[in-house]
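A.B. asks: File work_29.tsv below, TSV, C-alpha atoms (C1' of nucleotides):
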```
chain	number	residue	atom	x	y	z
G	1	MET	CA	-24.82	32.81	-0.64
G	2	ILE	CA	-27.83	31.01	0.66
G	3	GLU	CA	-31.03	32.80	-0.10
G	4	THR	CA	-32.76	33.87	3.03
G	5	ASP	CA	-33.08	37.02	5.02
G	6	VAL	CA	-31.71	35.54	8.20
G	7	LEU	CA	-28.28	36.56	7.03
G	8	LYS	CA	-27.27	39.34	4.72
G	9	ARG	CA	-25.08	38.42	1.84
G	10	GLU	CA	-22.13	40.19	3.33
G	11	GLU	CA	-22.50	38.39	6.59
G	12	TRP	CA	-22.65	35.02	4.94
G	13	ASP	CA	-19.57	35.91	2.91
G	14	LEU	CA	-17.69	36.73	6.04
G	15	TRP	CA	-18.61	33.42	7.60
G	16	ASP	CA	-17.83	31.48	4.47
G	17	THR	CA	-14.52	33.19	3.90
G	18	TRP	CA	-13.47	32.79	7.46
G	19	MET	CA	-14.34	29.13	7.53
G	20	ARG	CA	-12.45	28.50	4.36
G	21	ALA	CA	-9.37	30.35	5.55
G	22	GLN	CA	-9.37	28.51	8.81
G	23	ARG	CA	-9.68	25.18	7.05
G	24	LEU	CA	-6.86	25.99	4.67
G	25	LEU	CA	-4.56	26.99	7.49
G	26	ALA	CA	-5.29	23.85	9.45
G	27	GLN	CA	-4.70	21.76	6.36
G	28	GLU	CA	-1.48	23.51	5.61
G	29	ILE	CA	-0.14	22.92	9.08
G	30	GLU	CA	-1.24	19.32	9.09
G	31	ARG	CA	0.23	18.62	5.68
G	32	GLY	CA	3.48	20.12	6.89
G	33	LEU	CA	3.67	17.56	9.66
G	34	GLN	CA	2.82	14.78	7.28
G	35	ARG	CA	5.24	15.83	4.59
G	36	GLU	CA	8.19	16.70	6.77
G	37	PHE	CA	7.86	14.11	9.49
G	38	GLY	CA	5.37	11.54	8.30
G	39	ILE	CA	3.05	12.01	11.24
G	40	SER	CA	-0.50	13.19	11.69
G	41	LYS	CA	-1.64	15.99	13.91
G	42	ALA	CA	-3.00	13.46	16.39
G	43	GLU	CA	0.30	11.63	16.52
G	44	PHE	CA	2.14	14.89	16.94
G	45	SER	CA	-0.05	15.88	19.85
G	46	VAL	CA	0.62	12.62	21.62
G	47	LEU	CA	4.35	12.75	21.00
G	48	VAL	CA	4.60	16.26	22.37
G	49	ALA	CA	2.50	15.47	25.39
G	50	LEU	CA	4.67	12.49	26.21
G	51	LEU	CA	7.84	14.45	25.68
G	52	ARG	CA	6.63	17.09	28.07
G	53	ALA	CA	5.44	14.60	30.64
G	54	SER	CA	7.12	14.45	33.98
G	55	GLY	CA	8.60	10.98	33.77
G	56	PRO	CA	9.30	8.35	31.17
G	57	GLN	CA	6.08	6.56	32.05
G	58	VAL	CA	2.70	8.20	32.06
G	59	ARG	CA	-0.68	6.84	32.88
G	60	VAL	CA	-3.19	6.90	30.07
G	61	MET	CA	-5.51	9.03	32.12
G	62	ALA	CA	-2.86	11.67	32.76
G	63	LEU	CA	-2.05	11.78	29.08
G	64	GLY	CA	-5.70	12.18	28.29
G	65	GLU	CA	-5.99	15.11	30.63
G	66	ALA	CA	-2.92	16.80	29.21
G	67	LEU	CA	-4.41	16.46	25.75
G	68	GLY	CA	-7.99	17.17	26.67
G	69	TRP	CA	-8.96	13.87	25.09
G	70	GLU	CA	-11.35	11.29	26.41
G	71	LYS	CA	-9.88	7.99	27.43
G	72	SER	CA	-11.10	5.91	24.52
G	73	ARG	CA	-9.67	8.33	22.02
G	74	VAL	CA	-6.34	8.11	23.77
G	75	SER	CA	-6.47	4.36	23.88
G	76	HIS	CA	-7.25	3.96	20.21
G	77	GLN	CA	-4.58	6.43	19.26
G	78	LEU	CA	-2.01	4.68	21.42
G	79	THR	CA	-2.85	1.38	19.80
G	80	ARG	CA	-2.15	2.81	16.39
G	81	MET	CA	1.03	4.50	17.50
G	82	GLU	CA	2.22	1.41	19.30
G	83	SER	CA	1.91	-0.52	16.07
G	84	ARG	CA	3.99	2.16	14.38
G	85	GLY	CA	6.62	1.83	17.08
G	86	LEU	CA	6.39	5.39	18.31
G	87	VAL	CA	5.15	4.50	21.73
G	88	GLU	CA	5.14	1.55	24.06
G	89	ARG	CA	2.91	0.36	26.83
G	90	THR	CA	5.04	-0.84	29.68
G	91	GLU	CA	4.65	-2.50	33.01
G	92	GLY	CA	4.31	0.29	35.43
G	93	GLY	CA	4.32	-0.69	39.06
G	94	THR	CA	5.57	-3.45	41.23
G	95	SER	CA	3.38	-6.02	39.55
G	96	GLY	CA	3.56	-6.95	35.91
G	97	ARG	CA	0.53	-4.95	34.89
G	98	ARG	CA	0.49	-3.02	31.65
G	99	THR	CA	-0.14	0.40	33.02
G	100	GLY	CA	1.77	3.45	31.86
G	101	ILE	CA	2.95	4.33	28.43
G	102	GLY	CA	6.10	6.00	27.15
G	103	LEU	CA	7.99	7.07	24.06
G	104	THR	CA	10.23	4.70	22.22
G	105	THR	CA	13.60	5.99	21.10
G	106	ASP	CA	12.20	6.53	17.65
G	107	GLY	CA	9.24	8.34	19.10
G	108	ARG	CA	11.43	10.62	21.14
G	109	HIS	CA	13.64	11.56	18.22
G	110	LEU	CA	10.66	12.18	16.03
G	111	ALA	CA	8.98	14.29	18.67
G	112	GLU	CA	12.04	16.44	19.16
G	113	SER	CA	12.53	17.28	15.54
G	114	ALA	CA	8.86	17.58	14.72
G	115	ILE	CA	8.35	20.22	17.36
G	116	LEU	CA	10.85	22.52	15.76
G	117	GLY	CA	9.42	22.01	12.34
G	118	HIS	CA	5.89	22.52	13.54
G	119	LEU	CA	6.66	25.72	15.35
G	120	GLY	CA	8.42	26.99	12.28
G	121	ASN	CA	5.35	26.28	10.23
G	122	VAL	CA	3.10	27.99	12.71
G	123	ARG	CA	5.31	31.03	12.47
G	124	ARG	CA	5.44	30.97	8.72
G	125	PHE	CA	1.80	30.37	8.01
G	126	PHE	CA	0.09	32.03	10.92
G	127	LEU	CA	2.18	34.46	12.92
G	128	ASP	CA	4.33	36.13	10.30
G	129	PRO	CA	1.51	37.12	7.97
G	130	LEU	CA	-0.45	38.62	10.86
G	131	SER	CA	-0.51	42.36	11.27
G	132	PRO	CA	-0.47	43.65	14.87
G	133	GLU	CA	-4.06	44.82	14.62
G	134	GLN	CA	-5.14	41.51	13.22
G	135	ALA	CA	-3.32	39.73	15.99
G	136	ALA	CA	-5.06	41.86	18.58
G	137	ALA	CA	-8.46	41.33	17.03
G	138	ILE	CA	-7.96	37.62	16.75
G	139	ARG	CA	-6.79	37.36	20.30
G	140	ALA	CA	-9.75	39.33	21.58
G	141	TRP	CA	-12.22	37.37	19.56
G	142	SER	CA	-10.70	34.05	20.54
G	143	GLU	CA	-10.79	34.83	24.20
G	144	SER	CA	-14.38	35.95	24.17
G	145	MET	CA	-15.38	32.93	22.12
G	146	ILE	CA	-13.74	30.62	24.61
G	147	ASP	CA	-15.37	32.41	27.51
G	148	ARG	CA	-18.78	32.26	25.94
G	149	VAL	CA	-18.63	28.58	25.24
G	150	GLU	CA	-16.74	27.32	28.21
G	151	LEU	CA	-18.49	29.34	30.82
G	152	ARG	CA	-21.75	27.74	30.06
G	153	GLY	CA	-20.60	24.29	29.09
G	154	VAL	CA	-18.04	21.62	29.32
G	155	ASP	CA	-14.46	22.51	29.85
G	156	THR	CA	-12.47	21.55	26.82
G	157	THR	CA	-9.11	22.82	27.94
G	158	ALA	CA	-6.40	21.16	25.97
G	159	LEU	CA	-2.86	21.43	24.91
G	160	ASP	CA	-3.75	19.34	21.89
G	161	ALA	CA	-0.67	20.79	20.25
G	162	GLY	CA	-2.83	23.41	18.63
G	163	ALA	CA	-3.72	22.25	15.16
Y	1	MET	CA	3.68	26.59	26.07
Y	2	ILE	CA	6.28	24.49	24.37
Y	3	GLU	CA	9.79	25.36	25.41
Y	4	THR	CA	11.83	26.56	22.52
Y	5	ASP	CA	12.96	29.85	21.19
Y	6	VAL	CA	11.40	29.42	17.81
Y	7	LEU	CA	8.28	30.96	19.24
Y	8	LYS	CA	7.89	33.37	22.08
Y	9	ARG	CA	5.47	32.43	24.76
Y	10	GLU	CA	3.04	35.11	23.72
Y	11	GLU	CA	3.08	33.96	20.16
Y	12	TRP	CA	2.40	30.39	21.10
Y	13	ASP	CA	-0.42	31.55	23.33
Y	14	LEU	CA	-2.00	33.38	20.46
Y	15	TRP	CA	-1.82	30.33	18.25
Y	16	ASP	CA	-3.10	28.05	20.97
Y	17	THR	CA	-5.95	30.34	21.94
Y	18	TRP	CA	-6.97	30.90	18.39
Y	19	MET	CA	-6.98	27.22	17.57
Y	20	ARG	CA	-9.05	26.44	20.61
Y	21	ALA	CA	-11.59	29.15	19.86
Y	22	GLN	CA	-11.93	28.05	16.30
Y	23	ARG	CA	-12.44	24.44	17.36
Y	24	LEU	CA	-15.05	25.40	19.91
Y	25	LEU	CA	-16.99	27.44	17.41
Y	26	ALA	CA	-16.96	24.66	14.83
Y	27	GLN	CA	-18.10	22.20	17.47
Y	28	GLU	CA	-20.83	24.47	18.63
Y	29	ILE	CA	-22.20	24.91	15.14
Y	30	GLU	CA	-21.97	21.23	14.39
Y	31	ARG	CA	-23.62	20.23	17.62
Y	32	GLY	CA	-26.41	22.63	16.81
Y	33	LEU	CA	-27.13	20.82	13.58
Y	34	GLN	CA	-27.01	17.49	15.33
Y	35	ARG	CA	-29.16	18.54	18.24
Y	36	GLU	CA	-31.78	20.48	16.35
Y	37	PHE	CA	-31.99	18.48	13.16
Y	38	GLY	CA	-30.21	15.23	13.74
Y	39	ILE	CA	-27.77	15.72	10.91
Y	40	SER	CA	-24.04	16.10	10.61
Y	41	LYS	CA	-22.22	18.95	8.99
Y	42	ALA	CA	-21.42	16.72	6.02
Y	43	GLU	CA	-25.05	15.79	5.61
Y	44	PHE	CA	-26.07	19.39	5.88
Y	45	SER	CA	-23.64	20.40	3.18
Y	46	VAL	CA	-25.00	17.82	0.80
Y	47	LEU	CA	-28.61	18.69	1.54
Y	48	VAL	CA	-28.00	22.35	0.89
Y	49	ALA	CA	-26.05	21.73	-2.27
Y	50	LEU	CA	-28.85	19.56	-3.62
Y	51	LEU	CA	-31.48	22.06	-2.64
Y	52	ARG	CA	-29.64	24.76	-4.46
Y	53	ALA	CA	-28.98	22.63	-7.51
Y	54	SER	CA	-30.59	23.56	-10.79
Y	55	GLY	CA	-32.85	20.57	-11.22
Y	56	PRO	CA	-34.21	17.71	-9.19
Y	57	GLN	CA	-31.47	15.45	-10.49
Y	58	VAL	CA	-27.80	16.20	-10.24
Y	59	ARG	CA	-24.82	14.27	-11.39
Y	60	VAL	CA	-22.46	13.17	-8.68
Y	61	MET	CA	-19.64	15.05	-10.32
Y	62	ALA	CA	-21.56	18.31	-10.37
Y	63	LEU	CA	-22.41	17.88	-6.73
Y	64	GLY	CA	-18.79	17.24	-5.96
Y	65	GLU	CA	-17.77	20.42	-7.67
Y	66	ALA	CA	-20.38	22.48	-5.88
Y	67	LEU	CA	-19.11	21.13	-2.59
Y	68	GLY	CA	-15.43	21.13	-3.43
Y	69	TRP	CA	-15.32	17.45	-2.56
Y	70	GLU	CA	-13.58	14.71	-4.42
Y	71	LYS	CA	-15.77	12.12	-6.04
Y	72	SER	CA	-15.13	9.26	-3.65
Y	73	ARG	CA	-16.00	11.40	-0.69
Y	74	VAL	CA	-19.24	12.32	-2.35
Y	75	SER	CA	-20.00	8.75	-3.21
Y	76	HIS	CA	-19.42	7.45	0.30
Y	77	GLN	CA	-21.47	10.26	1.77
Y	78	LEU	CA	-24.33	9.61	-0.63
Y	79	THR	CA	-24.31	5.94	0.27
Y	80	ARG	CA	-24.75	6.80	3.92
Y	81	MET	CA	-27.41	9.38	3.23
Y	82	GLU	CA	-29.25	7.06	0.88
Y	83	SER	CA	-29.48	4.51	3.64
Y	84	ARG	CA	-30.92	7.20	5.88
Y	85	GLY	CA	-33.48	8.04	3.23
Y	86	LEU	CA	-32.39	11.63	2.74
Y	87	VAL	CA	-31.31	11.19	-0.82
Y	88	GLU	CA	-31.92	8.84	-3.69
Y	89	ARG	CA	-29.97	7.74	-6.70
Y	90	THR	CA	-32.27	7.68	-9.66
Y	91	GLU	CA	-32.22	6.69	-13.29
Y	92	GLY	CA	-31.12	9.75	-15.11
Y	93	GLY	CA	-31.24	9.59	-18.86
Y	94	THR	CA	-32.98	7.71	-21.56
Y	95	SER	CA	-31.63	4.37	-20.44
Y	96	GLY	CA	-32.17	2.84	-17.05
Y	97	ARG	CA	-28.79	3.75	-15.69
Y	98	ARG	CA	-28.35	4.92	-12.13
Y	99	THR	CA	-26.87	8.29	-12.81
Y	100	GLY	CA	-27.99	11.41	-11.03
Y	101	ILE	CA	-29.04	11.85	-7.45
Y	102	GLY	CA	-31.75	13.91	-5.81
Y	103	LEU	CA	-33.41	14.77	-2.53
Y	104	THR	CA	-36.19	12.65	-1.15
Y	105	THR	CA	-39.19	14.46	0.27
Y	106	ASP	CA	-37.78	13.94	3.73
Y	107	GLY	CA	-34.46	15.25	2.60
Y	108	ARG	CA	-35.99	18.36	1.11
Y	109	HIS	CA	-37.99	19.18	4.23
Y	110	LEU	CA	-35.01	18.63	6.43
Y	111	ALA	CA	-32.82	20.79	4.22
Y	112	GLU	CA	-35.27	23.63	4.25
Y	113	SER	CA	-35.65	23.81	7.97
Y	114	ALA	CA	-32.02	23.07	8.75
Y	115	ILE	CA	-30.85	25.99	6.68
Y	116	LEU	CA	-32.80	28.43	8.78
Y	117	GLY	CA	-31.60	26.91	11.99
Y	118	HIS	CA	-28.03	26.83	10.84
Y	119	LEU	CA	-27.99	30.42	9.73
Y	120	GLY	CA	-29.48	31.42	13.03
Y	121	ASN	CA	-26.73	29.62	14.83
Y	122	VAL	CA	-24.08	31.22	12.69
Y	123	ARG	CA	-25.53	34.55	13.58
Y	124	ARG	CA	-25.76	33.80	17.25
Y	125	PHE	CA	-22.37	32.23	17.73
Y	126	PHE	CA	-20.25	34.01	15.19
Y	127	LEU	CA	-21.68	37.20	13.77
Y	128	ASP	CA	-23.44	38.76	16.72
Y	129	PRO	CA	-20.53	38.59	19.15
Y	130	LEU	CA	-18.22	40.14	16.56
Y	131	SER	CA	-17.28	43.78	16.89
Y	132	PRO	CA	-16.95	45.72	13.63
Y	133	GLU	CA	-13.20	45.98	14.01
Y	134	GLN	CA	-12.92	42.29	14.69
Y	135	ALA	CA	-15.04	41.57	11.66
Y	136	ALA	CA	-12.81	43.71	9.51
Y	137	ALA	CA	-9.66	42.12	10.84
Y	138	ILE	CA	-11.00	38.64	10.39
Y	139	ARG	CA	-12.12	39.38	6.89
Y	140	ALA	CA	-8.76	40.82	5.95
Y	141	TRP	CA	-6.85	37.98	7.48
Y	142	SER	CA	-9.07	35.38	5.90
Y	143	GLU	CA	-8.71	36.82	2.47
Y	144	SER	CA	-4.97	37.06	2.63
Y	145	MET	CA	-4.75	33.55	4.02
Y	146	ILE	CA	-6.80	32.22	1.15
Y	147	ASP	CA	-4.74	34.12	-1.36
Y	148	ARG	CA	-1.49	32.89	0.06
Y	149	VAL	CA	-2.50	29.26	0.01
Y	150	GLU	CA	-4.54	29.12	-3.12
Y	151	LEU	CA	-2.29	31.19	-5.31
Y	152	ARG	CA	0.49	28.72	-4.98
Y	153	GLY	CA	-1.45	25.54	-4.73
Y	154	VAL	CA	-4.59	23.65	-5.44
Y	155	ASP	CA	-7.83	25.48	-5.70
Y	156	THR	CA	-10.09	24.41	-2.90
Y	157	THR	CA	-13.04	26.60	-3.64
Y	158	ALA	CA	-16.11	25.24	-2.01
Y	159	LEU	CA	-19.48	26.12	-0.79
Y	160	ASP	CA	-19.20	23.30	1.69
Y	161	ALA	CA	-21.91	25.02	3.67
Y	162	GLY	CA	-19.26	26.71	5.74
Y	163	ALA	CA	-18.78	24.68	8.88
S	1	DA	C1'	-10.79	-10.38	54.40
S	2	DT	C1'	-14.85	-9.73	51.47
S	3	DC	C1'	-17.58	-7.52	48.57
S	4	DA	C1'	-19.67	-3.58	46.39
S	5	DA	C1'	-18.90	0.74	44.06
S	6	DC	C1'	-16.20	3.50	41.32
S	7	DA	C1'	-12.12	4.61	38.30
S	8	DA	C1'	-9.08	3.18	34.55
S	9	DG	C1'	-8.59	1.12	30.42
S	10	DT	C1'	-9.97	-1.55	26.29
S	11	DT	C1'	-12.90	-2.84	22.56
S	12	DG	C1'	-16.43	-2.54	18.98
S	13	DA	C1'	-19.30	0.12	16.07
S	14	DT	C1'	-20.33	4.14	13.30
S	15	DG	C1'	-19.45	8.29	10.71
S	16	DC	C1'	-16.25	11.21	8.36
S	17	DA	C1'	-11.97	12.12	5.27
S	18	DT	C1'	-8.60	10.43	2.06
S	19	DC	C1'	-6.01	7.44	-1.05
S	20	DA	C1'	-5.70	3.85	-4.36
S	21	DA	C1'	-7.70	0.44	-7.18
S	22	DC	C1'	-11.33	-1.02	-9.66
S	23	DT	C1'	-15.52	-0.99	-12.88
S	24	DT	C1'	-18.44	1.04	-16.12
S	25	DA	C1'	-19.76	4.85	-19.46
S	26	DT	C1'	-18.99	7.81	-22.84
S	27	DA	C1'	-16.83	9.69	-26.53
S	28	DA	C1'	-13.32	9.78	-30.48
S	29	DG	C1'	-10.64	7.87	-33.89
S	30	DA	C1'	-9.90	4.23	-37.09
N	1	DT	C1'	-19.21	0.05	-36.17
N	2	DC	C1'	-15.52	-1.49	-33.38
N	3	DT	C1'	-11.94	-0.27	-30.27
N	4	DT	C1'	-9.73	2.14	-27.00
N	5	DA	C1'	-8.66	6.03	-24.03
N	6	DT	C1'	-10.56	8.91	-20.69
N	7	DA	C1'	-14.18	10.45	-17.53
N	8	DA	C1'	-17.55	9.11	-13.95
N	9	DG	C1'	-18.58	6.47	-10.29
N	10	DT	C1'	-17.94	2.78	-6.81
N	11	DT	C1'	-15.47	0.12	-3.49
N	12	DG	C1'	-12.04	-1.11	-0.02
N	13	DA	C1'	-8.71	0.16	3.28
N	14	DT	C1'	-6.83	3.19	6.80
N	15	DG	C1'	-6.77	6.84	10.17
N	16	DC	C1'	-9.25	9.88	13.13
N	17	DA	C1'	-13.27	11.14	16.42
N	18	DT	C1'	-17.03	9.69	19.31
N	19	DC	C1'	-20.32	6.84	21.82
N	20	DA	C1'	-21.54	2.85	24.35
N	21	DA	C1'	-20.48	-1.44	26.41
N	22	DC	C1'	-17.40	-4.16	28.54
N	23	DT	C1'	-13.37	-5.74	31.62
N	24	DT	C1'	-10.28	-5.08	35.12
N	25	DG	C1'	-8.29	-2.64	39.15
N	26	DT	C1'	-8.54	-0.01	43.18
N	27	DT	C1'	-10.69	1.57	47.18
N	28	DG	C1'	-13.42	1.64	51.07
N	29	DA	C1'	-17.07	0.09	54.18
N	30	DT	C1'	-18.38	-3.58	56.96
```
Show how you would write the structure in this file as structure tokens.
C.D. replies:
Amino acid sequence: MIETDVLKREEWDLWDTWMRAQRLLAQEIERGLQREFGISKAEFSVLVALLRASGPQVRVMALGEALGWEKSRVSHQLTRMESRGLVERTEGGTSGRRTGIGLTTDGRHLAESAILGHLGNVRRFFLDPLSPEQAAAIRAWSESMIDRVELRGVDTTALDAGA
Amino acid sequence: MIETDVLKREEWDLWDTWMRAQRLLAQEIERGLQREFGISKAEFSVLVALLRASGPQVRVMALGEALGWEKSRVSHQLTRMESRGLVERTEGGTSGRRTGIGLTTDGRHLAESAILGHLGNVRRFFLDPLSPEQAAAIRAWSESMIDRVELRGVDTTALDAGA
DNA sequence: ATCAACAAGTTGATGCATCAACTTATAAGA
DNA sequence: TCTTATAAGTTGATGCATCAACTTGTTGAT
């Protein structure tokens, strides 16, 4: 597409096509969450992480690690979700300090149903249309990509609810 | 990862791994642009689209179509880039109206060198590590994904500088 | 027990993406 | 030509992601 000899036309097409497909899939999944449950991908990730957490109260830091998010991202996101009533910051220890955060009843209900819907969408849009060979190729490529990047850089391990 | 029988563990792993790999690649490419040329992916897309435009002046709408972006996104982006001096809105017709936008000299230089760097990075991070079978699988999957989504929905065709 | 260093958490600022509302051009009909 | 409908473009608001700066707790050495 772009005139240069660094990349052959076919190579650029592959890149372009792949990027577009990937973007469409991500959009599709995200729109599913929005349409069916009225939540964003970021909200979904937090809800799931809290649902899967050990206790009813989690420290912000622990949540951040589960998500692979830096603390300020978590904090901002929690602020927004708190104002939506999905989550609450509660006093956590003996003293009256506002440490620890947990799901509200609304948040818990939403999380539980959204998970099912999300997984269904992942199946419908990603897994079902995948031939076995494609699945194998994608798995192999993904793993080597992750190795290449993570071995020589920062570790970005995350649940992040994938998508 | 998530306990449910909607997805088998292996299936979820595939999804999770694939999403992570895709995110890492996108990040890598974007960080390359930022590190080597000090521009974002959005800025790069606009620079390239303007460079490839027919004349020195383009209408915002035409730019939007080339990018596959809606008009307000284009407008906001142009405002930011104008303030960085990469782009300028100029009088376009007979009258003194501010229609049409074009690259500044800085913008043009940046565009020209960034393209080469970007394509090199695409090659290094995406194309080179790809085996022929993986390339074929990814191409096939991408095309069917695009068909599935676009055939029954909005057309999201875009140059968008892929990544 | 005090104080210094570090960890946890919040806040503000900036850029990007999207939606809705608004203004201004342009073109078509009367 | 005047008017009005539609297209083009801007603006404002909101959410998300990231960086840097700041506050507050916790811990540990003395």
A.B. asks: Pull the closest atom pair for each residue of chain N that gets at most 8 Å from segment 7-28 of chain S, along with the distance in Å to one decimal, counting only C-alpha atoms (C1' of nucleotides), ordering rows by chain and then ascending residue number, as JSON lines.
C.D. replies:
```
{"residue": "N:DA7", "atom": "C1'", "partner": "S:DT26", "partner_atom": "C1'", "distance": 7.6}
{"residue": "N:DA8", "atom": "C1'", "partner": "S:DA25", "partner_atom": "C1'", "distance": 7.3}
{"residue": "N:DG9", "atom": "C1'", "partner": "S:DT24", "partner_atom": "C1'", "distance": 8.0}
{"residue": "N:DT10", "atom": "C1'", "partner": "S:DT23", "partner_atom": "C1'", "distance": 7.5}
{"residue": "N:DT11", "atom": "C1'", "partner": "S:DC22", "partner_atom": "C1'", "distance": 7.5}
{"residue": "N:DC22", "atom": "C1'", "partner": "S:DT11", "partner_atom": "C1'", "distance": 7.6}
{"residue": "N:DT23", "atom": "C1'", "partner": "S:DT10", "partner_atom": "C1'", "distance": 7.6}
{"residue": "N:DT24", "atom": "C1'", "partner": "S:DG9", "partner_atom": "C1'", "distance": 8.0}
{"residue": "N:DG25", "atom": "C1'", "partner": "S:DA8", "partner_atom": "C1'", "distance": 7.5}
{"residue": "N:DT26", "atom": "C1'", "partner": "S:DA7", "partner_atom": "C1'", "distance": 7.6}
```
A.B. asks: Could you tell me which residues of chain N sit within 8 Å of chain G when counting only C-alpha atoms (C1' of nucleotides), and give me the result as a list in words?
C.D. replies: DC16, DA17 and DT18 of chain N
A.B. asks: Provide the atom CA of Leu119 of chain Y to atom CA of Val46 of chain Y distance in Å, to one decimal place.
C.D. replies: 15.7 Å
A.B. asks: To one decimal place, how far is atom CA of Ile146 of chain Y from atom CA of Pro132 of chain Y in Å?
C.D. replies: 21.0 Å
A.B. asks: Counting all atoms listed in the file, a student should be able to say which residues of chain G come within 6 Å of chain Y; what is the right answer, written as a VMD selection string?
C.D. replies: chain G and resid 16 18 to 19 21 134 137 142 145 to 146 162
A.B. asks: Which residues, protein or nucleic acid, reach to within 6 Å of (3.2, 7.4, 29.6) in the file's coordinates when using all atoms listed in the file, and can you give that as a compact mmCIF listing (two decimals) with C-alpha atoms, in the frame of the given file?
C.D. replies:
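So selection_13.txt came out as:
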```
# COMPACT_ATOMS: atom_id res chain seq x y z
CA GLN G 57 6.08 6.56 32.05
CA VAL G 58 2.70 8.20 32.06
CA ARG G 59 -0.68 6.84 32.88
CA GLY G 100 1.77 3.45 31.86
CA ILE G 101 2.95 4.33 28.43
CA GLY G 102 6.10 6.00 27.15
```
A.B. asks: Record the distance separating atom CA of Gly32 of chain G and atom CA of Arg108 of chain G, expressed in Å with one decimal.
C.D. replies: 18.9 Å
A.B. asks: Excluding Leu51 of chain Y and its own-chain neighbours fewer than 3 positions away, which residues fall within 10 Å of it when counting all atoms listed in the file? Please give them as a PDB file with C-alpha atoms, keeping the file's coordinate frame.
C.D. replies:
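selection_34.pdb, freshly written:
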```
ATOM      1  CA  SER Y  45     -23.640  20.400   3.180  1.00  0.00           C
ATOM      2  CA  VAL Y  46     -25.000  17.820   0.800  1.00  0.00           C
ATOM      3  CA  LEU Y  47     -28.610  18.690   1.540  1.00  0.00           C
ATOM      4  CA  VAL Y  48     -28.000  22.350   0.890  1.00  0.00           C
ATOM      5  CA  SER Y  54     -30.590  23.560 -10.790  1.00  0.00           C
ATOM      6  CA  GLY Y  55     -32.850  20.570 -11.220  1.00  0.00           C
ATOM      7  CA  PRO Y  56     -34.210  17.710  -9.190  1.00  0.00           C
ATOM      8  CA  GLY Y 102     -31.750  13.910  -5.810  1.00  0.00           C
ATOM      9  CA  LEU Y 103     -33.410  14.770  -2.530  1.00  0.00           C
ATOM     10  CA  GLY Y 107     -34.460  15.250   2.600  1.00  0.00           C
ATOM     11  CA  ARG Y 108     -35.990  18.360   1.110  1.00  0.00           C
ATOM     12  CA  HIS Y 109     -37.990  19.180   4.230  1.00  0.00           C
ATOM     13  CA  ALA Y 111     -32.820  20.790   4.220  1.00  0.00           C
ATOM     14  CA  GLU Y 112     -35.270  23.630   4.250  1.00  0.00           C
TER      15      GLU Y 112
END
```
A.B. asks: Given a cut-off of 9 Å, which residues of chain G touch chain S, counting only C-alpha atoms (C1' of nucleotides), written out as a list in words?
C.D. replies: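 Listing them in order of chain and number gives Val60, Met61, Lys71, Ser72, Ser75, His76 and Thr99 of chain G.
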A.B. asks: Using the selection just defined, write its residues with C-alpha atoms as a tab-separated table (two decimals), keeping the file's coordinate frame.
C.D. replies:
```tsv
chain	number	residue	atom	x	y	z
G	60	VAL	CA	-3.19	6.90	30.07
G	61	MET	CA	-5.51	9.03	32.12
G	71	LYS	CA	-9.88	7.99	27.43
G	72	SER	CA	-11.10	5.91	24.52
G	75	SER	CA	-6.47	4.36	23.88
G	76	HIS	CA	-7.25	3.96	20.21
G	99	THR	CA	-0.14	0.40	33.02
```
